[in-house]
Amino acid sequence: MSAAELARLQFAATTGIHWLFVILTMGLVPLVAIMHTRAAFTRDPAKRAVRERMTRFWGQLYVINYAVGIVTGLVMEFQFGLSWSGLSKFAGNVFGAPLALETLIAFFAESTFLGMWIFGWGRLRKGVHVTLIWLVALTAYASGYWILIANGFMQHPVGYEVRDGAAYLTDFSALLTNSSALVALGHIALAALTTGGVFVAGVSAYHFLRRTQETELFRGSLRLGLWVAMVSSFFVVIVGELQRPVIERTQPMKDAVLENSGVAEVQAQLVREHGPGDYVPWQDTMRISMDVMTIIGNTVSTITFIAVILLWRNRLMRWRPVLWVLVATVPFPFIASAGGWVVREVGRQPWLVYGELTVDDALSHVSTASLAVSCTVFIAVFLALAVTNWTLITQFARRGPDATQLGVTEPLPAEAEPVTVAVI
Amino acid sequence: MSLETAWLALLGLLLAGYFVLGGYDYGVQLLHPWLGERTGREADRNAALDAIAPFFLGNEVWLVAFAGVLFGAFPHLEGTLLSGLYPLIVAILVGLVLGNAAIQLRRRSRTARGRRRWDALIVFGGALPAVCWGLVVGLLLHGVPRRADGSFHVGFGDVFSPFVLACGATTTLLFAAHGAAFVALRSAPELAARARHSGLALLRAVGLVGALPLLLTLFGAGASMTNKATSAVITALFAAALGGAWWSLSGGHHVRAFTATCCATALPVLLVGLGHYPYLLISEAGHGLTVDHAVTDDATLKILSAFGVLVVPVILAYQAWSWWAFRGRTGLRHPGYF
């Protein structure tokens, strides 16, 4: 493999795995925040106890998932400088700003507040504790916004001018309102909520299949998960379609490949504009990814719609085949979101900044041997972590609320052995 | 103060903050199997890891913010520096990924054997970044082989020079001592006493090993500083901080000792910054990439500053709040999770 291919593989592996964890993080955190708020404002002690257990159970699954999200995110911040120094040379003046603001405004706050939330059980006041998880949710989405502003510049550069071979920022508000970023943000936010909702509904369905005693906890979870998944999966398809006019306007080649018409004409036109070269991305990969995403989106939308109707008088909880379908649906939003990522990023090739800088031109002068080593190590570590993490999520999801460790205070040794104290 | 100086100061603050906060994380990670072991019913909880737990997620992000500001405000340094230090940065990242994930997932393991595996990764994930950051500091102090176009690649010979290796060893020992001082500050009396003993021994080791880079520099085989007087003052402050830490720790003044080790871990960053100012990346004293060449365009810097003025005080405020909210000694009463 060439240095460019290795660098691309390394970047794709980091981003792809990061993305699969981020989407569940973004999908689960609003649900956990809603559960925590409901628990905090419930007066009836028995109900409050159930809702608190519910928050801790789903909160723990969210936090386990976050572990891989944060470490891959950490690596992401360094990837541009490591392998793509041509990007900072050409677009550093423009592209660096949203990344810097993402770390300062969002990433920093999300991580600090999550640390406080995890260890705040029984230590922080209820109102403060609930506010923390909402701040985590808010900053997670703020992070998504800034990242998409940076990514939007790669897809459809705006608000800049090129002087002496380098881009300079001329219109910051154009950068912040890039249509290529904003519509995509709406799409992935809804995709994340679909993923989170389907996850919560699927895990709850599994516990009903196992005839759980925690009916109240899982009935509440199932309802919340299904409603969120039903509404967001309906709109995710619509907002996804809204991206098509933007793509048509800004990325003619991606549009031609997706429409499967006029690829040769666009190739000829791009050669006229940018000189000789191959401007066609992997067509089959893109079309298959697009189809997979669309089919899954519509199917999940239909399944959750039917399931929500069956919630009436708790029919759903007694009808095992439908519960099995819900369990089986859990992985599909992840596959669809990977498909969406492929369409967006493979469809951008061969450009790193569309129309301005190609991926090959942005490559750092790093030796192929170093890249081969780092690529192998990163992929091995990330795959091992992803598999371990998903195994842990599955284990804790199956073991149910009794196995939750989040927010548990252990009794002091003196309390555990009161007899000794009495004898003395 | 011009805008670019302000952003350089912020960059320095973020890196120094990371060295101080990440530094004690790595130190505790290195020492935890020996310091925090519990037996019986609480065998799955490690007392040393309990000490860092509430702060851990908030500490690592100082590095992320450093990387973000490096890219946003100094893009022309970012590309050169990270790709030039490629093997070291990759090693740091691999260590961070493994250590960070291991700390978060360690207690999800049900068996003692599983936890021991995570423990090994926690130690490895503390040691690798600690050593490599020391090597990076050594290289930046000594100068890197810059080519005519400004790019560079560190080779085997650059990293494995006596000065750079001595810097790596010093940083590792320093982070370990810093971690011990933190455990002494945060833990119940019995563990605090053990941490104090380890901390004292480690501080003596830092003094001994830390003398090596200094001697090598004095004999012309070490750092080539641009501003010699400033560098001498910072080095003297570093020695004073080490001495102060040792003195306070042996007297049982844990707050003072920890404050001193905080200064000692932050000072190497100051030495790299002020010792070479206005150069950010040198090939030898007085030659290299200056702040003016590294900084982003004026228009971008102004926009970043408008955000920075608002955001940086907020960051400092909520970080300080998280330190305040989880102050005091740890115990089983506190929810443990990591």
# chains A, B, ... in the order shown; residues from 1 in each chain; ligands from 1
$ interface_residues --of "chain B" --to "chain A" --cutoff "7 Å" --atoms "only C-alpha atoms" --output "PyMOL selection string"
chain B and resi 54-55+57-58+61+64-65+67-69+71-72+75-76+78-80+82-83+86+90+93+97+100-101+104+296-297+299-300+304+311+322+332-337
$ select_by_dssp --residues "range 29-272 of chain A" --states "strand (DSSP E or B)" --output "PyMOL selection string"
chain A and resi 160-163+166-169
$ closest_residue --among "A:Gly127, A:Gly400, A:Gly355, A:Pro321" --to "Phe153 in chain A" --atoms "only C-alpha atoms"
A:Gly355
$ select_by_dssp --residues "range 295-366 of chain A" --states "alpha helix (DSSP H)" --output "MDAnalysis selection string"
chainID A and resid 295:310 315:318 320:329 332:346 359:362
$ write_last_selection --atoms "C-alpha atoms" --output "PDB file, in the first residue's frame"
ATOM      1  CA  ILE A 295     -33.701   0.773   3.323  1.00  0.00           C
ATOM      2  CA  ILE A 296     -32.756   0.664   6.998  1.00  0.00           C
ATOM      3  CA  GLY A 297     -34.128   4.150   7.596  1.00  0.00           C
ATOM      4  CA  ASN A 298     -37.523   3.289   6.142  1.00  0.00           C
ATOM      5  CA  THR A 299     -37.668  -0.121   7.822  1.00  0.00           C
ATOM      6  CA  VAL A 300     -36.816   1.241  11.270  1.00  0.00           C
ATOM      7  CA  SER A 301     -39.353   3.992  10.789  1.00  0.00           C
ATOM      8  CA  THR A 302     -42.052   1.431   9.947  1.00  0.00           C
ATOM      9  CA  ILE A 303     -41.140  -0.971  12.779  1.00  0.00           C
ATOM     10  CA  THR A 304     -41.124   1.750  15.430  1.00  0.00           C
ATOM     11  CA  PHE A 305     -44.398   3.174  14.098  1.00  0.00           C
ATOM     12  CA  ILE A 306     -46.138  -0.188  14.450  1.00  0.00           C
ATOM     13  CA  ALA A 307     -44.559  -0.793  17.832  1.00  0.00           C
ATOM     14  CA  VAL A 308     -45.757   2.546  19.154  1.00  0.00           C
ATOM     15  CA  ILE A 309     -49.319   1.642  18.146  1.00  0.00           C
ATOM     16  CA  LEU A 310     -48.921  -1.675  19.963  1.00  0.00           C
ATOM     17  CA  ARG A 315     -50.074  -5.248  24.033  1.00  0.00           C
ATOM     18  CA  LEU A 316     -46.493  -4.965  22.881  1.00  0.00           C
ATOM     19  CA  MET A 317     -45.030  -6.282  26.146  1.00  0.00           C
ATOM     20  CA  ARG A 318     -47.002  -9.516  25.781  1.00  0.00           C
ATOM     21  CA  ARG A 320     -43.128 -11.947  21.890  1.00  0.00           C
ATOM     22  CA  PRO A 321     -42.492 -11.948  18.115  1.00  0.00           C
ATOM     23  CA  VAL A 322     -42.616  -8.152  18.011  1.00  0.00           C
ATOM     24  CA  LEU A 323     -40.324  -7.950  21.040  1.00  0.00           C
ATOM     25  CA  TRP A 324     -37.847 -10.151  19.172  1.00  0.00           C
ATOM     26  CA  VAL A 325     -38.047  -7.845  16.170  1.00  0.00           C
ATOM     27  CA  LEU A 326     -37.227  -4.872  18.415  1.00  0.00           C
ATOM     28  CA  VAL A 327     -34.199  -6.689  19.856  1.00  0.00           C
ATOM     29  CA  ALA A 328     -33.029  -7.579  16.371  1.00  0.00           C
ATOM     30  CA  THR A 329     -33.384  -3.957  15.191  1.00  0.00           C
ATOM     31  CA  PHE A 332     -29.302  -1.608  12.174  1.00  0.00           C
ATOM     32  CA  PRO A 333     -29.174   2.142  12.897  1.00  0.00           C
ATOM     33  CA  PHE A 334     -25.405   1.715  13.436  1.00  0.00           C
ATOM     34  CA  ILE A 335     -25.040   0.096  10.013  1.00  0.00           C
ATOM     35  CA  ALA A 336     -27.139   2.851   8.450  1.00  0.00           C
ATOM     36  CA  SER A 337     -25.045   5.583  10.073  1.00  0.00           C
ATOM     37  CA  ALA A 338     -21.848   3.947   8.815  1.00  0.00           C
ATOM     38  CA  GLY A 339     -23.477   3.997   5.358  1.00  0.00           C
ATOM     39  CA  GLY A 340     -24.255   7.688   5.677  1.00  0.00           C
ATOM     40  CA  TRP A 341     -20.676   8.410   6.664  1.00  0.00           C
ATOM     41  CA  VAL A 342     -19.393   6.505   3.605  1.00  0.00           C
ATOM     42  CA  VAL A 343     -21.692   8.439   1.257  1.00  0.00           C
ATOM     43  CA  ARG A 344     -20.562  11.764   2.703  1.00  0.00           C
ATOM     44  CA  GLU A 345     -16.824  11.131   2.956  1.00  0.00           C
ATOM     45  CA  VAL A 346     -16.097   8.648   0.158  1.00  0.00           C
ATOM     46  CA  VAL A 359      -6.209  14.227  -0.426  1.00  0.00           C
ATOM     47  CA  ASP A 360      -2.927  13.221  -2.085  1.00  0.00           C
ATOM     48  CA  ASP A 361      -1.587  16.781  -2.007  1.00  0.00           C
ATOM     49  CA  ALA A 362      -2.347  17.142   1.705  1.00  0.00           C
TER      50      ALA A 362
END
$ closest_atom_pairs --of "range 120-170 of chain B" --to "range 194-214 of chain B" --cutoff "12 Å" --atoms "only C-alpha atoms" --output "JSON lines"
{"residue": "B:Gly134", "atom": "CA", "partner": "B:Gly210", "partner_atom": "CA", "distance": 11.3}
{"residue": "B:Leu135", "atom": "CA", "partner": "B:Pro213", "partner_atom": "CA", "distance": 11.6}
{"residue": "B:Val137", "atom": "CA", "partner": "B:Pro213", "partner_atom": "CA", "distance": 11.4}
{"residue": "B:Gly138", "atom": "CA", "partner": "B:Pro213", "partner_atom": "CA", "distance": 8.7}
{"residue": "B:Leu139", "atom": "CA", "partner": "B:Pro213", "partner_atom": "CA", "distance": 11.8}
{"residue": "B:Leu141", "atom": "CA", "partner": "B:Pro213", "partner_atom": "CA", "distance": 10.4}
{"residue": "B:His142", "atom": "CA", "partner": "B:Pro213", "partner_atom": "CA", "distance": 10.4}
{"residue": "B:Ser161", "atom": "CA", "partner": "B:Pro213", "partner_atom": "CA", "distance": 10.8}
{"residue": "B:Pro162", "atom": "CA", "partner": "B:Pro213", "partner_atom": "CA", "distance": 8.1}
{"residue": "B:Phe163", "atom": "CA", "partner": "B:Pro213", "partner_atom": "CA", "distance": 5.3}
{"residue": "B:Val164", "atom": "CA", "partner": "B:Pro213", "partner_atom": "CA", "distance": 7.9}
{"residue": "B:Leu165", "atom": "CA", "partner": "B:Pro213", "partner_atom": "CA", "distance": 8.8}
{"residue": "B:Ala166", "atom": "CA", "partner": "B:Pro213", "partner_atom": "CA", "distance": 5.9}
{"residue": "B:Cys167", "atom": "CA", "partner": "B:Pro213", "partner_atom": "CA", "distance": 6.4}
{"residue": "B:Gly168", "atom": "CA", "partner": "B:Gly210", "partner_atom": "CA", "distance": 9.8}
{"residue": "B:Ala169", "atom": "CA", "partner": "B:Val209", "partner_atom": "CA", "distance": 7.2}
{"residue": "B:Thr170", "atom": "CA", "partner": "B:Gly210", "partner_atom": "CA", "distance": 5.3}
$ closest_atom_pairs --of "range 203-290 of chain B" --to "range 183-191 of chain B" --cutoff "8 Å" --atoms "only C-alpha atoms" --output "JSON lines"
{"residue": "B:His254", "atom": "CA", "partner": "B:Leu185", "partner_atom": "CA", "distance": 5.2}
{"residue": "B:Val255", "atom": "CA", "partner": "B:Leu185", "partner_atom": "CA", "distance": 6.4}
{"residue": "B:Phe258", "atom": "CA", "partner": "B:Leu185", "partner_atom": "CA", "distance": 7.3}
$ write_last_selection --atoms "C-alpha atoms" --output "compact mmCIF listing (two decimals), in the first residue's frame"
# COMPACT_ATOMS: atom_id res chain seq x y z
CA HIS B 254 0.64 17.61 51.91
CA VAL B 255 -0.98 20.72 50.45
CA PHE B 258 1.47 19.00 46.13
$ residues_around --residues "Arg223 in chain A" --least-positions-apart "4" --cutoff "9 Å" --atoms "only C-alpha atoms" --output "PyMOL selection string"
chain A and resi 201+218-219+227-228+308+311
$ residues_around --residues "Trp134 in chain A" --least-positions-apart "2" --cutoff "12 Å" --atoms "only C-alpha atoms" --output "list in words"
Met26, Leu28, Val29, Pro30, Leu31, Val32, Ala33, Ile34, Met35, His36, Thr37, Ala109, Glu110, Phe113, Leu114, Trp117, Gly127, Val128, His129, Val130, Thr131, Leu132, Val136, Ala137, Leu138, Thr139, Ala140 and Tyr141 of chain A
$ residues_around --residues "Asp278 in chain A" --least-positions-apart "5" --cutoff "10 Å" --atoms "only C-alpha atoms" --output "ChimeraX atom specification"
/A:267-268,270-271,349-350
$ write_last_selection --atoms "N, CA and C atoms" --output "short mmCIF file (atom, residue, chain, number, x, y, z; two decimals), in the first residue's frame"
data_model
loop_
_atom_site.label_atom_id
_atom_site.label_comp_id
_atom_site.auth_asym_id
_atom_site.auth_seq_id
_atom_site.Cartn_x
_atom_site.Cartn_y
_atom_site.Cartn_z
N GLN A 267 -17.05 14.29 -14.94
CA GLN A 267 -15.61 14.02 -14.97
C GLN A 267 -14.93 14.91 -16.01
N ALA A 268 -15.51 15.00 -17.21
CA ALA A 268 -14.92 15.82 -18.27
C ALA A 268 -14.88 17.30 -17.86
N LEU A 270 -14.81 18.48 -14.75
CA LEU A 270 -13.82 18.69 -13.68
C LEU A 270 -12.40 18.68 -14.23
N VAL A 271 -12.15 17.87 -15.27
CA VAL A 271 -10.84 17.87 -15.91
C VAL A 271 -10.57 19.23 -16.53
N GLN A 349 -14.22 12.28 -2.20
CA GLN A 349 -12.94 11.97 -2.85
C GLN A 349 -12.96 12.44 -4.31
N PRO A 350 -11.84 12.82 -4.88
CA PRO A 350 -10.48 12.81 -4.33
C PRO A 350 -10.13 14.08 -3.55
#
$ residues_around --residues "Leu49 in chain B" --least-positions-apart "2" --cutoff "10 Å" --atoms "only C-alpha atoms" --output "number ranges by chain"
B: 25, 28-29, 31-33, 35-37, 45-47, 51-54, 56, 103, 183, 336-338
$ residues_around --residues "Pro278 in chain B" --least-positions-apart "2" --cutoff "8 Å" --atoms "only C-alpha atoms" --output "list in words"
Leu274, His276, Leu280, Thr290 and Val291 of chain B
$ write_last_selection --atoms "C-alpha atoms" --output "CSV table (one decimal), in the first residue's frame"
chain,number,residue,atom,x,y,z
B,274,LEU,CA,10.3,31.2,27.4
B,276,HIS,CA,13.4,29.8,23.2
B,280,LEU,CA,8.6,28.0,18.9
B,290,THR,CA,9.2,32.0,15.2
B,291,VAL,CA,5.8,32.9,16.7
$ atom_distance --atom1 "CA of Asn314 in chain A" --atom2 "CA of Ala205 in chain A"
12.1 Å
